[in-house]
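First the structure, in the form of structure tokens, and then the observations on it.
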Amino acid sequence: MPRIRYHVAASLDGYIAGPRGEFDWIVHEPAIDFKALFAEFDTFIVGRRTFELMLRPEAPPRPPDTRTFVFSRTLPDTVPVPAAEVVREITPATLAAIKEQAKKDIWLFGGGELFRSFLEAGLVDTVEVAVIPILLGQGLPLLPQTGTRARLLLSNHRIYPSGIVYLEYACHSR
């Protein structure tokens with residue numbers, strides 16, 4: 001069964017973007033094989049703001065043969081992007097249908113608020129954070145305030161030459 005993996009870069013002080021959504025602080029690490037990373041997924045789950053960033057001309061192209069589910073209450077029911085679908089509510093039934101279609105793992109991509117919603121619903125299988133060696137002081141938090149406590153079990157880690165520390169945890173919030 002495909003896993004829902006929250007895979008994200010964060011500053012050492014816990015921000016996934018600067019105060020205006022900027023991510024120019026993320027260090028390029030040649031040792032990270034992004035092609036291999038993207039090959040682990042065939043489905044992306046994003047929020048509206050991340051989806052809007054994906055539509056910008058300067059955004060990298062989506063990998064071929066992938067589906068994107070955009071969780072939003074404000075977007076129209078259809079979006080002008082092939083293989084993208086708007087979903088209104090986070091429910092176990094909705095996620096079961098998405099998992100049934102997926103052949104590979106599912107990347108919960110972007111947004112701390114979307115991550116919080118999935119975590120509170122007990123729908124996150126792994127939390128994978130690339131800790132970037134920078135202190136931003138402010139910005140969009142990795143996890144906005146929540147009343148949910150999630151137990152994490154370290155399952156993998158790597159230290160890269162640039163100082164990036166990759167941490168992978170199995171999530172036991174259920």
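By convention in this document, the chains of the structure tokens carry letters A, B, ... by their order, each chain's residues are numbered from 1, and ligands are numbered from 1 in the order they are shown.
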Per-residue DSSP, chain A, filtered to helix (DSSP H, G or I), as a VMD selection string: chain A and resid 34 to 39 48 to 54 92 to 101 112 to 120
Take the residues from that selection and write them out as a tab-separated table (two decimals), in the first residue's frame, keeping N, CA, C and O atoms.
```
chain	number	residue	atom	x	y	z
A	34	PHE	N	17.68	14.24	-7.09
A	34	PHE	CA	16.27	14.62	-7.17
A	34	PHE	C	15.50	13.77	-8.17
A	34	PHE	O	14.32	13.49	-7.97
A	35	LYS	N	16.15	13.35	-9.23
A	35	LYS	CA	15.48	12.49	-10.20
A	35	LYS	C	15.05	11.18	-9.54
A	35	LYS	O	13.92	10.72	-9.71
A	36	ALA	N	15.94	10.59	-8.76
A	36	ALA	CA	15.62	9.35	-8.05
A	36	ALA	C	14.54	9.60	-6.99
A	36	ALA	O	13.65	8.77	-6.81
A	37	LEU	N	14.62	10.73	-6.31
A	37	LEU	CA	13.61	11.06	-5.30
A	37	LEU	C	12.23	11.15	-5.95
A	37	LEU	O	11.27	10.52	-5.48
A	38	PHE	N	12.11	11.91	-7.02
A	38	PHE	CA	10.81	12.06	-7.68
A	38	PHE	C	10.30	10.74	-8.25
A	38	PHE	O	9.09	10.52	-8.33
A	39	ALA	N	11.20	9.84	-8.60
A	39	ALA	CA	10.79	8.53	-9.15
A	39	ALA	C	10.10	7.66	-8.10
A	39	ALA	O	9.44	6.68	-8.45
A	48	ARG	N	-3.75	24.72	-1.99
A	48	ARG	CA	-3.97	25.73	-3.02
A	48	ARG	C	-2.74	26.59	-3.26
A	48	ARG	O	-2.34	26.83	-4.40
A	49	ARG	N	-2.10	27.08	-2.19
A	49	ARG	CA	-0.95	27.98	-2.37
A	49	ARG	C	0.22	27.27	-3.06
A	49	ARG	O	0.86	27.84	-3.95
A	50	THR	N	0.50	26.05	-2.68
A	50	THR	CA	1.57	25.29	-3.33
A	50	THR	C	1.21	25.04	-4.79
A	50	THR	O	2.05	25.15	-5.68
A	51	PHE	N	-0.05	24.71	-5.06
A	51	PHE	CA	-0.50	24.49	-6.43
A	51	PHE	C	-0.30	25.75	-7.28
A	51	PHE	O	0.17	25.67	-8.41
A	52	GLU	N	-0.64	26.90	-6.72
A	52	GLU	CA	-0.45	28.15	-7.46
A	52	GLU	C	1.02	28.40	-7.77
A	52	GLU	O	1.36	28.90	-8.85
A	53	LEU	N	1.92	28.03	-6.85
A	53	LEU	CA	3.36	28.14	-7.12
A	53	LEU	C	3.77	27.19	-8.25
A	53	LEU	O	4.62	27.52	-9.08
A	54	MET	N	3.15	26.00	-8.28
A	54	MET	CA	3.47	25.02	-9.32
A	54	MET	C	3.05	25.50	-10.71
A	54	MET	O	3.59	25.02	-11.71
A	92	PRO	N	-10.79	10.07	5.51
A	92	PRO	CA	-10.18	8.75	5.27
A	92	PRO	C	-10.66	8.12	3.97
A	92	PRO	O	-9.88	7.50	3.25
A	93	ALA	N	-11.94	8.31	3.62
A	93	ALA	CA	-12.47	7.73	2.37
A	93	ALA	C	-11.81	8.36	1.15
A	93	ALA	O	-11.46	7.64	0.19
A	94	THR	N	-11.64	9.67	1.16
A	94	THR	CA	-10.98	10.35	0.04
A	94	THR	C	-9.55	9.85	-0.13
A	94	THR	O	-9.11	9.55	-1.23
A	95	LEU	N	-8.84	9.74	1.01
A	95	LEU	CA	-7.45	9.28	0.95
A	95	LEU	C	-7.36	7.83	0.53
A	95	LEU	O	-6.44	7.44	-0.17
A	96	ALA	N	-8.32	7.01	0.95
A	96	ALA	CA	-8.33	5.60	0.53
A	96	ALA	C	-8.47	5.51	-0.98
A	96	ALA	O	-7.79	4.70	-1.63
A	97	ALA	N	-9.31	6.35	-1.57
A	97	ALA	CA	-9.49	6.36	-3.03
A	97	ALA	C	-8.21	6.81	-3.73
A	97	ALA	O	-7.82	6.24	-4.76
A	98	ILE	N	-7.54	7.81	-3.18
A	98	ILE	CA	-6.28	8.29	-3.77
A	98	ILE	C	-5.22	7.19	-3.67
A	98	ILE	O	-4.50	6.91	-4.63
A	99	LYS	N	-5.11	6.55	-2.51
A	99	LYS	CA	-4.12	5.48	-2.32
A	99	LYS	C	-4.40	4.30	-3.25
A	99	LYS	O	-3.47	3.67	-3.74
A	100	GLU	N	-5.67	4.04	-3.50
A	100	GLU	CA	-6.03	2.92	-4.38
A	100	GLU	C	-5.53	3.15	-5.80
A	100	GLU	O	-5.16	2.21	-6.50
A	101	GLN	N	-5.51	4.42	-6.25
A	101	GLN	CA	-5.05	4.76	-7.60
A	101	GLN	C	-3.53	4.77	-7.70
A	101	GLN	O	-2.98	4.58	-8.77
A	112	GLY	N	2.61	23.73	5.45
A	112	GLY	CA	2.50	23.28	6.82
A	112	GLY	C	1.06	23.11	7.28
A	112	GLY	O	0.75	22.23	8.08
A	113	GLU	N	0.18	23.96	6.78
A	113	GLU	CA	-1.24	23.86	7.19
A	113	GLU	C	-1.86	22.57	6.67
A	113	GLU	O	-2.62	21.91	7.38
A	114	LEU	N	-1.54	22.20	5.44
A	114	LEU	CA	-2.05	20.95	4.89
A	114	LEU	C	-1.46	19.77	5.67
A	114	LEU	O	-2.18	18.83	6.02
A	115	PHE	N	-0.17	19.85	5.98
A	115	PHE	CA	0.47	18.82	6.79
A	115	PHE	C	-0.25	18.68	8.13
A	115	PHE	O	-0.56	17.58	8.58
A	116	ARG	N	-0.53	19.82	8.78
A	116	ARG	CA	-1.23	19.79	10.07
A	116	ARG	C	-2.57	19.08	9.95
A	116	ARG	O	-2.92	18.22	10.76
A	117	SER	N	-3.33	19.40	8.90
A	117	SER	CA	-4.65	18.78	8.70
A	117	SER	C	-4.53	17.26	8.52
A	117	SER	O	-5.32	16.50	9.09
A	118	PHE	N	-3.56	16.83	7.73
A	118	PHE	CA	-3.36	15.40	7.51
A	118	PHE	C	-2.88	14.71	8.80
A	118	PHE	O	-3.31	13.61	9.12
A	119	LEU	N	-1.99	15.38	9.53
A	119	LEU	CA	-1.50	14.83	10.78
A	119	LEU	C	-2.62	14.68	11.79
A	119	LEU	O	-2.76	13.63	12.44
A	120	GLU	N	-3.46	15.70	11.92
A	120	GLU	CA	-4.58	15.65	12.87
A	120	GLU	C	-5.56	14.54	12.51
A	120	GLU	O	-6.20	13.96	13.39
```
Range 125-127 of chain A surroundings by only C-alpha atoms, 7 Å radius, close-in-sequence under 4 positions cut, as number ranges by chain: A: 3-7, 168-171
Residues just named, written with N, CA, C and O atoms as a PDB file, in the first residue's frame:
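The result, written out as out-v5.pdb:
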```
ATOM      1  N   ARG A   3       2.464   4.811   0.757  1.00  0.00           N
ATOM      2  CA  ARG A   3       2.520   5.622   1.981  1.00  0.00           C
ATOM      3  C   ARG A   3       2.319   7.092   1.630  1.00  0.00           C
ATOM      4  O   ARG A   3       2.703   7.536   0.551  1.00  0.00           O
ATOM      5  N   ILE A   4       1.761   7.839   2.576  1.00  0.00           N
ATOM      6  CA  ILE A   4       1.699   9.299   2.454  1.00  0.00           C
ATOM      7  C   ILE A   4       2.898   9.841   3.206  1.00  0.00           C
ATOM      8  O   ILE A   4       3.026   9.658   4.419  1.00  0.00           O
ATOM      9  N   ARG A   5       3.790  10.495   2.447  1.00  0.00           N
ATOM     10  CA  ARG A   5       5.058  10.970   2.990  1.00  0.00           C
ATOM     11  C   ARG A   5       5.109  12.490   2.931  1.00  0.00           C
ATOM     12  O   ARG A   5       5.016  13.071   1.856  1.00  0.00           O
ATOM     13  N   TYR A   6       5.263  13.108   4.092  1.00  0.00           N
ATOM     14  CA  TYR A   6       5.482  14.559   4.131  1.00  0.00           C
ATOM     15  C   TYR A   6       6.978  14.771   4.002  1.00  0.00           C
ATOM     16  O   TYR A   6       7.736  14.528   4.939  1.00  0.00           O
ATOM     17  N   HIS A   7       7.414  15.176   2.822  1.00  0.00           N
ATOM     18  CA  HIS A   7       8.829  15.355   2.509  1.00  0.00           C
ATOM     19  C   HIS A   7       9.039  16.841   2.248  1.00  0.00           C
ATOM     20  O   HIS A   7       8.446  17.402   1.316  1.00  0.00           O
ATOM     21  N   GLU A 168      14.357  11.114   8.583  1.00  0.00           N
ATOM     22  CA  GLU A 168      13.135  10.427   8.165  1.00  0.00           C
ATOM     23  C   GLU A 168      12.564   9.695   9.369  1.00  0.00           C
ATOM     24  O   GLU A 168      13.264   8.937  10.043  1.00  0.00           O
ATOM     25  N   TYR A 169      11.282   9.951   9.617  1.00  0.00           N
ATOM     26  CA  TYR A 169      10.591   9.355  10.763  1.00  0.00           C
ATOM     27  C   TYR A 169       9.327   8.645  10.318  1.00  0.00           C
ATOM     28  O   TYR A 169       8.579   9.164   9.481  1.00  0.00           O
ATOM     29  N   ALA A 170       9.058   7.491  10.919  1.00  0.00           N
ATOM     30  CA  ALA A 170       7.741   6.853  10.791  1.00  0.00           C
ATOM     31  C   ALA A 170       6.829   7.567  11.763  1.00  0.00           C
ATOM     32  O   ALA A 170       7.228   7.903  12.886  1.00  0.00           O
ATOM     33  N   CYS A 171       5.620   7.842  11.331  1.00  0.00           N
ATOM     34  CA  CYS A 171       4.673   8.609  12.137  1.00  0.00           C
ATOM     35  C   CYS A 171       3.666   7.672  12.784  1.00  0.00           C
ATOM     36  O   CYS A 171       3.082   6.832  12.110  1.00  0.00           O
TER      37      CYS A 171
END
```
Pick from A:Leu167, A:Leu123, A:Ala59, A:Ile134 nearest to Ile90 in chain A, counting only C-alpha atoms: A:Leu123
Test item, strand (DSSP E) assignment across chain A, answer as a ChimeraX atom specification: /A:4-11,15-17,41-47,67-71,84-87,105-108,126-132,140-141,151-159,165-172
Any chance you can output those residues with C-alpha atoms as an mmCIF file, in the first residue's frame?
```cif
data_model
loop_
_atom_site.group_PDB
_atom_site.id
_atom_site.type_symbol
_atom_site.label_atom_id
_atom_site.label_comp_id
_atom_site.auth_asym_id
_atom_site.auth_seq_id
_atom_site.Cartn_x
_atom_site.Cartn_y
_atom_site.Cartn_z
ATOM 1 C CA ILE A 4 1.699 9.299 2.454
ATOM 2 C CA ARG A 5 5.058 10.970 2.990
ATOM 3 C CA TYR A 6 5.482 14.559 4.131
ATOM 4 C CA HIS A 7 8.829 15.355 2.509
ATOM 5 C CA VAL A 8 9.976 18.950 3.018
ATOM 6 C CA ALA A 9 12.951 21.264 3.502
ATOM 7 C CA ALA A 10 13.019 23.313 6.690
ATOM 8 C CA SER A 11 15.357 25.824 8.280
ATOM 9 C CA TYR A 15 10.390 27.241 8.863
ATOM 10 C CA ILE A 16 9.525 25.809 5.435
ATOM 11 C CA ALA A 17 9.399 29.219 3.739
ATOM 12 C CA PHE A 41 6.232 9.035 -6.253
ATOM 13 C CA ASP A 42 3.416 8.996 -8.782
ATOM 14 C CA THR A 43 0.958 11.094 -6.785
ATOM 15 C CA PHE A 44 1.259 14.532 -5.215
ATOM 16 C CA ILE A 45 -1.043 16.062 -2.622
ATOM 17 C CA VAL A 46 -0.812 19.845 -2.398
ATOM 18 C CA GLY A 47 -2.730 22.774 -0.991
ATOM 19 C CA ARG A 67 -1.329 12.857 -10.610
ATOM 20 C CA THR A 68 -1.867 15.881 -8.409
ATOM 21 C CA PHE A 69 -4.674 16.269 -5.899
ATOM 22 C CA VAL A 70 -5.192 19.858 -4.797
ATOM 23 C CA PHE A 71 -6.945 20.199 -1.448
ATOM 24 C CA ALA A 84 -4.817 17.521 -11.497
ATOM 25 C CA GLU A 85 -7.985 17.242 -9.460
ATOM 26 C CA VAL A 86 -9.471 19.545 -6.819
ATOM 27 C CA VAL A 87 -10.524 17.852 -3.577
ATOM 28 C CA ASP A 105 4.220 6.496 -2.631
ATOM 29 C CA ILE A 106 2.287 9.765 -2.294
ATOM 30 C CA TRP A 107 4.145 13.025 -1.659
ATOM 31 C CA LEU A 108 2.382 15.424 0.693
ATOM 32 C CA THR A 126 6.298 9.395 7.325
ATOM 33 C CA VAL A 127 7.733 12.815 8.126
ATOM 34 C CA GLU A 128 10.904 13.481 6.126
ATOM 35 C CA VAL A 129 12.707 16.757 6.754
ATOM 36 C CA ALA A 130 15.839 18.076 5.076
ATOM 37 C CA VAL A 131 17.128 20.502 7.696
ATOM 38 C CA ILE A 132 18.867 23.363 5.903
ATOM 39 C CA LEU A 140 5.921 29.754 7.520
ATOM 40 C CA PRO A 141 6.330 27.057 10.194
ATOM 41 C CA ARG A 151 5.012 10.008 18.057
ATOM 42 C CA LEU A 152 7.851 9.715 15.564
ATOM 43 C CA LEU A 153 10.337 6.882 15.202
ATOM 44 C CA LEU A 154 13.616 7.650 13.431
ATOM 45 C CA SER A 155 13.922 5.319 10.435
ATOM 46 C CA ASN A 156 16.695 6.966 8.403
ATOM 47 C CA HIS A 157 19.115 9.874 8.455
ATOM 48 C CA ARG A 158 21.881 11.318 6.276
ATOM 49 C CA ILE A 159 24.323 14.190 6.590
ATOM 50 C CA VAL A 165 20.752 16.909 7.629
ATOM 51 C CA TYR A 166 18.041 14.602 6.304
ATOM 52 C CA LEU A 167 15.789 13.031 8.933
ATOM 53 C CA GLU A 168 13.135 10.427 8.165
ATOM 54 C CA TYR A 169 10.591 9.355 10.763
ATOM 55 C CA ALA A 170 7.741 6.853 10.791
ATOM 56 C CA CYS A 171 4.673 8.609 12.137
ATOM 57 C CA HIS A 172 2.556 7.009 14.836
#
```
Between CA of Pro61 in chain A and CA of Leu75 in chain A - distance in Å to one decimal: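 Straight-line distance from CA of Leu75 in chain A to CA of Pro61 in chain A works out to 21.0 Å.
Across A:Gly139, A:Pro2, A:Pro144, A:Gly163, the tightest approach to Arg20 in chain A is made by A:Gly139 when counting only C-alpha atoms.
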One-decimal distance in Å that lies between CA of Gly137 in chain A and CA of Ser162 in chain A: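 Atom-to-atom, CA of Ser162 in chain A to CA of Gly137 in chain A, that is 20.5 Å.
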Pick from A:Pro60, A:Tyr160, A:Gly18, A:Asp65, whichever lies nearest to Asp33 in chain A using only C-alpha atoms: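 Counting only C-alpha atoms, the residue closest to Asp33 in chain A is A:Tyr160.
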Computed interatomic separation between CA of Ser72 in chain A and CA of Leu136 in chain A (Å):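 Straight-line distance from CA of Ser72 in chain A to CA of Leu136 in chain A works out to 27.9 Å.
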Nearest residue to Leu12 in chain A from the set A:Ile26, A:Leu135, A:Leu142, A:Leu55 (distances using only C-alpha atoms): A:Leu135
